[in-house]
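**Q** Enclosed is the structure file coords_19.txt (compact mmCIF, C-alpha atoms).
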# COMPACT_ATOMS: atom_id res chain seq x y z
CA MET B 1031 -7.28 -4.55 11.92
CA ASN B 1032 -10.01 -7.18 12.18
CA LYS B 1033 -12.55 -4.75 13.54
CA ILE B 1034 -11.77 -2.05 11.01
CA TRP B 1035 -12.00 -4.44 8.12
CA LEU B 1036 -15.20 -6.01 9.36
CA PHE B 1037 -16.71 -2.59 9.86
CA LEU B 1038 -15.72 -1.37 6.41
CA MET B 1039 -16.78 -4.51 4.56
CA CYS B 1040 -20.05 -4.99 6.43
CA GLY B 1041 -20.98 -1.35 6.28
CA THR B 1042 -20.33 -0.93 2.60
CA CYS B 1043 -21.85 -4.24 1.53
CA PHE B 1044 -24.95 -3.63 3.58
CA PHE B 1045 -25.26 -0.17 2.13
CA LEU B 1046 -24.76 -1.36 -1.44
CA PHE B 1047 -27.14 -4.24 -0.92
CA PHE B 1048 -29.99 -1.79 -0.78
CA LYS B 1049 -28.64 0.75 -3.18
CA ASN B 1050 -26.92 -1.06 -5.97
CA PRO B 1051 -26.23 -4.76 -5.34
CA ASP B 1052 -24.89 -5.32 -8.87
CA THR B 1053 -21.78 -3.29 -8.19
CA ILE B 1054 -20.44 -5.27 -5.24
CA PHE B 1055 -18.68 -8.05 -7.08
CA PRO B 1056 -17.45 -6.10 -10.11
CA THR B 1057 -15.90 -3.60 -7.70
CA MET B 1058 -14.22 -6.35 -5.74
CA PHE B 1059 -12.80 -7.96 -8.85
CA ALA B 1060 -11.67 -4.65 -10.25
CA SER B 1061 -9.82 -3.73 -7.07
CA ALA B 1062 -8.24 -7.17 -6.80
CA THR B 1063 -6.99 -6.81 -10.37
CA GLU B 1064 -5.72 -3.37 -9.52
CA THR B 1065 -3.87 -4.86 -6.56
CA ILE B 1066 -2.10 -7.29 -8.84
CA SER B 1067 -0.82 -4.55 -11.11
CA LEU B 1068 0.12 -2.54 -8.05
CA CYS B 1069 2.06 -5.49 -6.65
CA ILE B 1070 3.90 -5.97 -9.92
CA GLU B 1071 4.93 -2.34 -9.75
CA LEU B 1072 5.86 -2.73 -6.08
CA CYS B 1073 7.89 -5.80 -6.93
CA ALA B 1074 9.94 -3.80 -9.40
CA VAL B 1075 10.47 -0.98 -6.94
CA TYR B 1076 11.34 -3.35 -4.08
CA THR B 1077 13.82 -5.26 -6.23
CA ILE B 1078 15.79 -2.10 -6.82
CA TRP B 1079 15.52 -0.86 -3.26
CA LEU B 1080 16.29 -4.20 -1.64
CA GLY B 1081 19.37 -4.41 -3.82
CA ILE B 1082 20.45 -0.92 -2.84
CA LEU B 1083 19.64 -1.61 0.81
CA GLU B 1084 21.93 -4.60 0.76
CA LEU B 1085 24.64 -2.39 -0.71
CA ILE B 1086 24.03 0.21 2.01
CA ASP B 1087 24.29 -2.53 4.60
CA LYS B 1088 27.43 -4.15 3.26
CA SER B 1089 29.19 -0.84 2.62
CA GLY B 1090 28.95 -0.03 6.31
CA LEU B 1091 26.78 3.02 5.65
CA ALA B 1092 23.91 1.43 7.56
CA LEU B 1093 26.16 1.05 10.56
CA LEU B 1094 27.06 4.72 10.29
CA LEU B 1095 23.38 5.66 10.18
CA ALA B 1096 22.68 3.41 13.15
CA LYS B 1097 25.46 5.10 15.09
CA LEU B 1098 24.09 8.52 14.25
CA LEU B 1099 20.51 7.67 15.16
CA GLY B 1100 21.48 5.04 17.72
CA PRO B 1101 20.81 6.92 20.94
CA LEU B 1102 17.41 8.03 19.69
CA ILE B 1103 16.49 4.55 18.48
CA LYS B 1104 17.58 2.92 21.74
CA LYS B 1105 15.41 5.30 23.67
CA LEU B 1106 12.34 5.00 21.48
CA PHE B 1107 12.39 1.31 20.67
CA LYS B 1108 14.20 -0.19 23.64
CA THR B 1109 16.06 -2.62 21.44
CA ALA B 1110 19.56 -3.82 22.08
CA ASP B 1111 19.95 -5.76 18.87
CA ALA B 1112 22.44 -4.10 16.51
CA GLU B 1113 20.83 -5.59 13.41
CA THR B 1114 17.38 -4.23 14.29
CA GLU B 1115 18.89 -0.88 15.09
CA LYS B 1116 20.50 -0.75 11.67
CA LEU B 1117 17.24 -1.62 9.94
CA ILE B 1118 15.31 1.00 11.87
CA ALA B 1119 17.97 3.59 11.08
CA VAL B 1120 17.70 2.85 7.35
CA ASN B 1121 13.92 2.86 7.56
CA ILE B 1122 13.73 6.23 9.27
CA SER B 1123 16.30 7.85 6.98
CA ALA B 1124 14.48 6.62 3.88
CA ASN B 1125 11.25 7.99 5.29
CA MET B 1126 12.78 11.38 5.90
CA LEU B 1127 13.91 11.60 2.30
CA GLY B 1128 10.37 10.90 1.21
CA LEU B 1129 11.19 7.46 -0.16
CA GLY B 1130 8.24 5.57 1.24
CA ASN B 1131 8.89 2.59 -0.99
CA ALA B 1132 12.52 2.33 0.02
CA ALA B 1133 11.48 2.50 3.65
CA THR B 1134 8.96 -0.34 3.43
CA PRO B 1135 11.30 -3.34 2.97
CA SER B 1136 13.60 -2.30 5.81
CA GLY B 1137 10.59 -1.41 7.94
CA ILE B 1138 9.05 -4.84 7.44
CA LYS B 1139 12.35 -6.52 8.29
CA ALA B 1140 12.75 -4.37 11.39
CA ILE B 1141 9.24 -4.96 12.67
CA THR B 1142 9.60 -8.74 12.27
CA LYS B 1143 12.77 -8.51 14.33
CA LEU B 1144 10.91 -6.58 17.04
CA ASP B 1145 8.16 -9.18 17.07
CA ASN B 1146 8.21 -11.48 20.08
CA LYS B 1147 5.81 -13.99 18.47
CA SER B 1148 3.22 -13.53 21.16
CA GLY B 1149 0.56 -12.17 18.81
CA VAL B 1150 0.54 -8.95 20.76
CA ALA B 1151 2.19 -5.81 19.44
CA SER B 1152 5.15 -4.78 21.58
CA PRO B 1153 5.71 -1.09 22.36
CA GLY B 1154 8.64 -1.02 19.95
CA MET B 1155 6.52 -2.37 17.10
CA ILE B 1156 3.78 0.13 17.72
CA MET B 1157 6.35 2.90 17.82
CA LEU B 1158 7.84 1.86 14.49
CA LEU B 1159 4.43 1.52 12.92
CA VAL B 1160 3.25 4.90 14.14
CA ILE B 1161 6.44 6.66 13.08
CA ASN B 1162 6.03 5.18 9.62
CA ALA B 1163 2.37 6.12 9.54
CA CYS B 1164 3.19 9.80 9.99
CA SER B 1165 6.63 10.08 8.53
CA ILE B 1166 8.79 13.16 8.75
CA GLN B 1167 9.38 14.72 5.35
CA LEU B 1168 12.50 16.77 4.82
CA ILE B 1169 11.71 17.41 1.16
CA PRO B 1170 8.15 16.75 -0.01
CA SER B 1171 9.37 15.98 -3.53
CA THR B 1172 6.10 14.42 -4.69
CA THR B 1173 3.83 17.33 -3.92
CA ILE B 1174 6.40 19.81 -5.23
CA GLY B 1175 6.50 17.89 -8.49
CA LEU B 1176 2.72 17.83 -8.72
CA ARG B 1177 2.50 21.55 -8.11
CA THR B 1178 5.07 22.22 -10.81
CA THR B 1179 3.03 20.17 -13.24
CA ALA B 1180 -0.10 22.07 -12.23
CA GLY B 1181 1.58 25.35 -13.16
CA SER B 1182 2.53 26.76 -9.78
CA ASN B 1183 4.82 29.80 -9.68
CA TYR B 1184 6.42 28.91 -6.37
CA PRO B 1185 6.15 25.14 -6.15
CA ALA B 1186 8.70 24.91 -3.35
CA ASP B 1187 7.03 27.27 -0.87
CA ILE B 1188 5.34 24.34 0.85
CA ILE B 1189 8.62 22.85 2.04
CA LEU B 1190 8.74 24.72 5.33
CA PRO B 1191 5.08 24.21 6.34
CA THR B 1192 5.31 20.53 5.41
CA LEU B 1193 8.51 20.09 7.36
CA ILE B 1194 7.14 21.75 10.48
CA SER B 1195 3.74 20.08 10.43
CA SER B 1196 5.12 16.61 9.70
CA PHE B 1197 7.72 17.09 12.41
CA ILE B 1198 5.14 18.08 14.98
CA ALA B 1199 2.74 15.35 13.87
CA THR B 1200 5.43 12.72 14.34
CA GLY B 1201 6.39 14.27 17.67
CA THR B 1202 2.78 14.08 18.78
CA ALA B 1203 2.62 10.48 17.68
CA ILE B 1204 5.74 9.53 19.64
CA LEU B 1205 4.46 11.34 22.71
CA LEU B 1206 1.05 9.67 22.45
CA VAL B 1207 2.63 6.23 22.10
CA ILE B 1208 4.74 6.81 25.21
CA LEU B 1209 1.70 8.07 27.12
CA CYS B 1210 -0.50 5.19 25.99
CA GLN B 1211 2.22 2.73 26.94
CA LYS B 1212 2.44 4.22 30.41
CA PHE B 1213 -1.32 3.94 30.70
CA VAL B 1214 -1.32 0.32 29.56
CA ASN B 1215 1.49 -0.53 31.95
CA ARG B 1216 -0.38 1.02 34.85
CA ALA B 1217 -3.56 -0.83 33.93
CA HIS B 1218 -1.62 -4.09 33.98
CA LYS B 1219 -0.34 -3.44 37.45
CA MET W 587 -2.72 3.03 -3.62
CA PRO W 588 0.74 3.74 -2.19
CA LYS W 589 3.26 5.91 -3.89
CA VAL W 590 4.92 3.74 -6.45
CA CYS W 591 6.24 6.02 -9.13
CA GLU W 592 6.29 9.27 -7.28
CA GLN W 593 9.97 9.63 -7.04
CA SER W 594 10.82 11.01 -10.43
CA THR W 595 10.47 14.68 -9.59
CA GLN W 596 13.02 17.42 -9.88
CA MET W 597 14.35 17.57 -6.31
CA SER W 598 14.84 13.89 -5.80
CA GLY W 599 16.06 13.90 -9.37
CA TYR W 600 19.38 15.05 -7.97
CA ILE W 601 19.28 13.55 -4.52
CA LEU W 602 18.76 9.92 -5.46
CA PRO W 603 21.55 9.56 -8.03
CA PHE W 604 23.82 11.44 -5.65
CA PHE W 605 23.18 8.92 -2.87
CA PHE W 606 23.49 6.04 -5.23
CA ILE W 607 26.89 7.20 -6.42
CA ILE W 608 28.08 7.71 -2.84
CA ILE W 609 26.97 4.21 -1.91
CA LEU W 610 28.75 2.73 -4.91
CA VAL W 611 31.94 4.68 -4.24
CA VAL W 612 31.99 3.59 -0.60
CA CYS W 613 31.41 0.00 -1.72
CA PHE W 614 34.31 0.32 -4.14
CA PHE W 615 36.69 1.49 -1.45
CA LYS W 616 35.55 -1.19 0.96
CA LYS W 617 35.99 -3.80 -1.78
CA VAL W 618 32.39 -4.98 -1.53
CA PRO W 619 31.40 -7.31 -4.39
CA VAL W 620 28.79 -4.87 -5.67
CA TYR W 621 27.06 -7.03 -8.21
CA GLN W 622 26.59 -10.09 -5.97
CA THR W 623 25.50 -7.93 -3.06
CA PHE W 624 22.86 -6.17 -5.13
CA VAL W 625 21.50 -9.44 -6.48
CA ASN W 626 21.55 -10.97 -3.03
CA GLY W 627 19.36 -8.24 -1.66
CA ALA W 628 17.13 -7.96 -4.70
CA LYS W 629 16.23 -11.63 -4.86
CA ASN W 630 13.97 -11.32 -1.83
CA SER W 631 11.65 -8.83 -3.46
CA LEU W 632 9.37 -11.31 -5.20
CA GLN W 633 8.87 -13.25 -1.97
CA LEU W 634 8.15 -10.05 -0.08
CA VAL W 635 5.55 -8.93 -2.58
CA VAL W 636 3.93 -12.37 -2.69
CA SER W 637 3.66 -12.41 1.08
CA ILE W 638 2.12 -8.95 1.37
CA PHE W 639 -0.21 -9.40 -1.60
CA PRO W 640 -3.23 -10.84 0.25
CA TYR W 641 -3.02 -8.12 2.87
CA VAL W 642 -2.83 -5.35 0.34
CA CYS W 643 -5.66 -6.95 -1.62
CA ALA W 644 -7.92 -7.12 1.43
CA ILE W 645 -7.45 -3.47 2.25
CA MET W 646 -7.87 -2.43 -1.40
CA LEU W 647 -11.16 -4.32 -1.55
CA ALA W 648 -12.51 -2.57 1.49
CA VAL W 649 -11.42 0.85 0.28
CA ALA W 650 -12.86 0.32 -3.21
CA LEU W 651 -16.21 -0.72 -1.78
CA PHE W 652 -16.10 2.18 0.63
CA LYS W 653 -15.75 4.59 -2.26
CA VAL W 654 -18.21 2.93 -4.63
CA SER W 655 -20.92 2.62 -2.03
CA GLY W 656 -20.98 6.36 -1.50
CA LEU W 657 -20.44 5.71 2.16
CA SER W 658 -17.23 7.73 1.97
CA LEU W 659 -19.19 10.82 0.95
CA ILE W 660 -21.60 10.41 3.84
CA PHE W 661 -18.65 9.90 6.14
CA VAL W 662 -17.05 13.12 4.86
CA LYS W 663 -20.29 15.07 5.28
CA LEU W 664 -20.74 13.80 8.81
CA ILE W 665 -17.28 14.61 10.04
CA SER W 666 -16.37 17.78 8.16
CA PRO W 667 -18.14 20.15 10.61
CA VAL W 668 -15.71 18.97 13.27
CA PHE W 669 -12.82 19.73 10.91
CA VAL W 670 -14.12 23.17 10.06
CA PHE W 671 -14.33 23.85 13.77
CA PHE W 672 -10.60 23.17 14.06
CA GLY W 673 -9.79 25.60 11.25
CA ILE W 674 -9.49 23.18 8.36
CA PRO W 675 -11.14 24.69 5.28
CA PRO W 676 -14.15 22.66 4.12
CA GLU W 677 -12.60 22.28 0.65
CA VAL W 678 -9.84 20.02 1.95
CA CYS W 679 -11.93 17.99 4.43
CA GLU W 680 -12.45 15.22 1.92
CA LEU W 681 -8.71 14.97 1.43
CA VAL W 682 -7.94 14.84 5.15
CA LEU W 683 -10.55 12.14 5.68
CA LEU W 684 -9.67 9.89 2.77
CA ARG W 685 -5.90 10.25 3.05
CA PRO W 686 -5.48 7.43 5.63
CA PHE W 687 -7.33 5.03 3.34
CA THR W 688 -6.05 5.67 -0.13
CA GLY W 689 -2.92 7.19 -1.63
CA SER W 690 -4.01 7.30 -5.27
CA GLY W 691 -7.44 8.54 -4.26
CA SER W 692 -6.02 11.45 -2.32
CA PHE W 693 -3.75 12.40 -5.21
CA ALA W 694 -6.82 12.45 -7.45
CA ILE W 695 -8.50 14.82 -5.00
CA LEU W 696 -5.39 17.00 -4.99
CA ASN W 697 -5.53 17.23 -8.77
CA ASP W 698 -9.15 18.34 -8.60
CA ILE W 699 -8.19 21.00 -6.09
CA PHE W 700 -5.45 22.23 -8.41
CA LYS W 701 -7.93 22.49 -11.25
CA THR W 702 -10.64 24.20 -9.24
CA TYR W 703 -8.63 26.62 -7.14
CA GLY W 704 -5.28 26.93 -8.94
CA ALA W 705 -1.94 25.55 -7.79
CA ASP W 706 -0.90 28.68 -5.90
CA SER W 707 -4.12 29.16 -3.95
CA TYR W 708 -4.31 28.82 -0.20
CA ILE W 709 -6.49 25.72 -0.54
CA ALA W 710 -4.00 24.03 -2.85
CA ARG W 711 -1.09 24.83 -0.57
CA CYS W 712 -3.03 23.46 2.39
CA ALA W 713 -3.82 20.32 0.49
CA CYS W 714 -0.18 19.82 -0.52
CA THR W 715 1.07 20.33 3.00
CA ILE W 716 -1.49 17.92 4.39
CA LEU W 717 -0.57 15.31 1.80
CA GLY W 718 3.13 15.79 2.38
CA SER W 719 2.89 15.45 6.13
CA SER W 720 0.67 12.37 6.25
CA GLU W 721 0.64 8.76 5.13
CA THR W 722 -1.81 6.10 4.05
CA ILE W 723 -2.11 4.84 7.61
CA PHE W 724 -4.23 1.76 6.98
CA TYR W 725 -2.01 0.59 4.17
CA VAL W 726 1.12 1.07 6.27
CA ALA W 727 -0.45 -0.75 9.20
CA THR W 728 -1.48 -3.71 7.04
CA VAL W 729 1.78 -4.09 5.19
CA TYR W 730 4.03 -3.63 8.21
CA THR W 731 2.21 -6.08 10.41
CA SER W 732 1.64 -8.62 7.63
CA GLN W 733 4.85 -10.52 8.37
CA THR W 734 4.47 -10.56 12.14
CA SER W 735 2.45 -12.56 14.61
CA VAL W 736 0.54 -9.47 15.69
CA LYS W 737 -3.23 -9.63 15.84
CA LYS W 738 -3.85 -6.77 18.21
CA LEU W 739 -2.50 -3.35 17.46
CA PHE W 740 -3.95 -1.67 20.53
CA TYR W 741 -3.65 2.07 20.28
CA ALA W 742 -1.40 2.21 17.19
CA ILE W 743 -4.04 3.26 14.65
CA PRO W 744 -5.91 5.76 16.86
CA VAL W 745 -2.59 7.37 17.77
CA ALA W 746 -1.53 7.58 14.12
CA LEU W 747 -4.89 9.05 13.12
CA ALA W 748 -4.86 11.56 15.95
CA SER W 749 -1.39 12.80 15.16
CA SER W 750 -2.19 13.06 11.45
CA PHE W 751 -5.15 15.17 12.45
CA VAL W 752 -2.88 17.42 14.49
CA GLY W 753 -0.61 17.62 11.44
CA ALA W 754 -3.55 18.61 9.23
CA ILE W 755 -4.71 21.38 11.58
CA LEU W 756 -1.17 22.67 11.78
CA SER W 757 -0.72 22.50 8.00
CA CYS W 758 -3.70 24.77 7.44
CA LEU W 759 -2.52 27.17 10.11
CA LEU W 760 1.03 27.30 8.78
CA CYS W 761 -0.10 27.84 5.21
CA LYS W 762 -2.12 30.82 6.38
CA ILE W 763 0.82 32.56 8.03
CA MET W 764 3.64 31.52 5.71
Translate this file's structure into C-alpha cells.
**A**
Amino acid sequence: MNKIWLFLMCGTCFFLFFKNPDTIFPTMFASATETISLCIELCAVYTIWLGILELIDKSGLALLLAKLLGPLIKKLFKTADAETEKLIAVNISANMLGLGNAATPSGIKAITKLDNKSGVASPGMIMLLVINACSIQLIPSTTIGLRTTAGSNYPADIILPTLISSFIATGTAILLVILCQKFVNRAHK
Amino acid sequence: MPKVCEQSTQMSGYILPFFFIIILVVCFFKKVPVYQTFVNGAKNSLQLVVSIFPYVCAIMLAVALFKVSGLSLIFVKLISPVFVFFGIPPEVCELVLLRPFTGSGSFAILNDIFKTYGADSYIARCACTILGSSETIFYVATVYTSQTSVKKLFYAIPVALASSFVGAILSCLLCKIM
C-alpha cells in the first residue's frame, strides 16, 4: 500500500506542479470533505448492518452458514477457529448477494482475527482480501437497477454473463493466491 | 467511492426484506432478545467508521489528485492498446482501468456510456457486466487491512488486479455470445 500511495501522490503532485499547481490543495480539501460525508453515510449503513449481523449471529443463522460453507472455508483459509469461520461465512454470503456494505464489517472482523500481529499478511488474510476484491455476484442488483433507469428493455439479461465472469474471476484469484503461496513457500525453503 | 446507497433496486427490493423477516422470525423462535442484540451490534459502527476514516481519506485524496491531474487519462491512453488486443472494446477501457480506484467514478462512466450508446447496446452490456463482476480493489484493500498489523500485502493486489482483468475479458466475450 505504501508504494502505491507514494507513487500516486508523487506522480500526480509532480504532474500538477508543472501544469496547474493551484488545484492541488483545493482538490485535497474537497476530497477530504467528500470522505467525511461518505463516512457519515457509511456509519449509517454499518449501524444497520452491524445490528443485523449481530442478530444473524445470535439467531444461530451464522452457525448454519458456517456449517454450509465450512469445508470450503477450512480449505481456503486454513483456520480452525469457529468464530472466524462464522465471520468469513457471513462475509462471503453477503458478498454473493451483492451487499458489499454488509460484507465489510464482518470482513474487517474476520481479517483481524486472521491477523497474527506480525505485520506480515498471512495466506488466509490475503485470500480473504482477494476474494472480497473480486466478489462473486449472484444477482448484480445495482447494475440492473441502473439499466432500468437508463431505459433498457431487458435490464436483467446481464445476470448470466455477470455471474459467469465474476465466478471465473474469483476462481482465478483463488488459484493465483494458492500458486503464489506455493511459490513463496518454496522461496523460503 | 464505494457503493453506499446502491441497494434500493427492484431485485434486492424483495430479497432484503425477505431475509430480514426470516432472521427476525428465527430470533423469535430462539427467544433472542432482538432489540438488545441489534443495539449491541450497532453500537460498534461509529468506532468502526472512525477507525477506517483516515485510511479511506488517504486513498480518496490520491484518487482525486489522480483524476484532476489528468494523469488518469494518460494512463488510460497508454494501456488501452493492450486491452483492445485482448478483445475489450476501446469504449470501455476507461471503465476497466478506473474501476479498481473509484466506485463513484466508474458509475459516472457507466452513465456516460448509457447516454452515448444506449442501455441495450453491446458496449453498455459489457460495461455493466464488468462493473458487476469487479470491485474497487484499492478501497477494499485499504479498508480491510486498516485494522490489522499488516504492512506488506505481497501479491494480494497484483492477484486481485489480474483476476479482475480476466473477468473483464470474459465479460466482453460473454456479452458478445449471449
**Q** Show me as a ChimeraX atom specification the residues that reach within 8 Å of (-4.5, -8.0, 16.4), counting all atoms listed in the file and using the file's own coordinates.
**A** /B:1031-1032,1149-1151 /W:736-740
**Q** Between atom CA of Asp1145 of chain B and atom CA of Val1207 of chain B, what distance in Å does the model show, to one decimal?
**A**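 Going from atom CA of Asp1145 of chain B over to atom CA of Val1207 of chain B covers 17.1 Å.
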**Q** Restrict the calculation to only C-alpha atoms, then for each residue of segment 621-719 of chain W with any atom at most 7 Å from an atom of segment 1189-1193 of chain B give the closest atom pair and their distance in Å to one decimal, rows by chain and rising residue number, as CSV.
**A**
residue,atom,partner,partner_atom,distance
W:Thr715,CA,B:Thr1192,CA,4.9
W:Gly718,CA,B:Thr1192,CA,6.0
W:Ser719,CA,B:Thr1192,CA,5.7
**Q** Could you take the residues named above and write them with C-alpha atoms, as a compact mmCIF listing (two decimals), in the coordinates of the input?
**A**
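Written output follows (selection_22.txt):
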# COMPACT_ATOMS: atom_id res chain seq x y z
CA THR W 715 1.07 20.33 3.00
CA GLY W 718 3.13 15.79 2.38
CA SER W 719 2.89 15.45 6.13
**Q** When distances are computed from only C-alpha atoms, which of B:Asn1215, B:Asn1146, B:Thr1077, B:Thr1109 shows the smallest separation from chain W?
**A**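 Selected residue with least distance to chain W: B:Thr1077.
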**Q** Kindly provide, as an MDAnalysis selection string, the polymer residues lying within 12 Å of (2.1, 30.4, 0.7), counting all atoms listed in the file and using the coordinates exactly as they appear in the file.
**A** (chainID B and resid 1182:1192) or (chainID W and resid 705:715 757:764)
**Q** From the set W:Ile601, W:Leu657, W:Leu696, W:Thr731, which residue has the shortest atom-to-atom contact distance to Leu1144 of chain B, counting all atoms listed in the file?
**A**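 Of all the options, W:Thr731 lies closest to Leu1144 of chain B.
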**Q** So what do you get for atom CA of Ser749 of chain W versus atom CA of Gln1211 of chain B, distance-wise?
**A**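 These two atoms are separated by 15.9 Å.
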**Q** Quick one: residues within 8 Å of Ile674 of chain W, all atoms listed in the file counted, chain neighbours fewer than 3 positions away excluded, as an MDAnalysis selection string?
**A** chainID W and resid 669:671 678:679 754:755 758
**Q** By how many Å are atom CA of Ala1062 of chain B and atom CA of Cys643 of chain W apart?
**A**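 Separation of atom CA of Ala1062 of chain B and atom CA of Cys643 of chain W: 5.8 Å.
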**Q** Take segment 1105-1116 of chain B from the preceding structure and save N, CA and C atoms as a tab-separated table (two decimals), in the first residue's frame.
**A**
chain	number	residue	atom	x	y	z
B	1105	LYS	N	-10.61	-25.19	3.93
B	1105	LYS	CA	-9.61	-25.48	2.90
B	1105	LYS	C	-8.91	-24.21	2.45
B	1106	LEU	N	-9.69	-23.16	2.22
B	1106	LEU	CA	-9.13	-21.94	1.65
B	1106	LEU	C	-8.37	-21.11	2.67
B	1107	PHE	N	-8.86	-21.07	3.89
B	1107	PHE	CA	-8.27	-20.15	4.86
B	1107	PHE	C	-7.43	-20.82	5.93
B	1108	LYS	N	-7.53	-22.14	6.01
B	1108	LYS	CA	-6.74	-22.88	6.99
B	1108	LYS	C	-6.91	-22.32	8.39
B	1109	THR	N	-8.16	-22.07	8.74
B	1109	THR	CA	-8.42	-21.59	10.09
B	1109	THR	C	-9.21	-22.66	10.85
B	1110	ALA	N	-8.93	-22.76	12.12
B	1110	ALA	CA	-9.64	-23.76	12.91
B	1110	ALA	C	-10.60	-23.09	13.88
B	1111	ASP	N	-10.54	-21.75	13.91
B	1111	ASP	CA	-11.34	-21.01	14.87
B	1111	ASP	C	-12.78	-20.90	14.39
B	1112	ALA	N	-13.72	-21.34	15.21
B	1112	ALA	CA	-15.13	-21.36	14.81
B	1112	ALA	C	-15.66	-19.95	14.60
B	1113	GLU	N	-15.22	-19.02	15.44
B	1113	GLU	CA	-15.69	-17.64	15.35
B	1113	GLU	C	-15.29	-17.01	14.00
B	1114	THR	N	-14.01	-17.20	13.65
B	1114	THR	CA	-13.52	-16.67	12.38
B	1114	THR	C	-14.28	-17.28	11.21
B	1115	GLU	N	-14.50	-18.57	11.32
B	1115	GLU	CA	-15.21	-19.28	10.27
B	1115	GLU	C	-16.60	-18.69	10.05
B	1116	LYS	N	-17.26	-18.40	11.17
B	1116	LYS	CA	-18.59	-17.82	11.10
B	1116	LYS	C	-18.55	-16.47	10.40
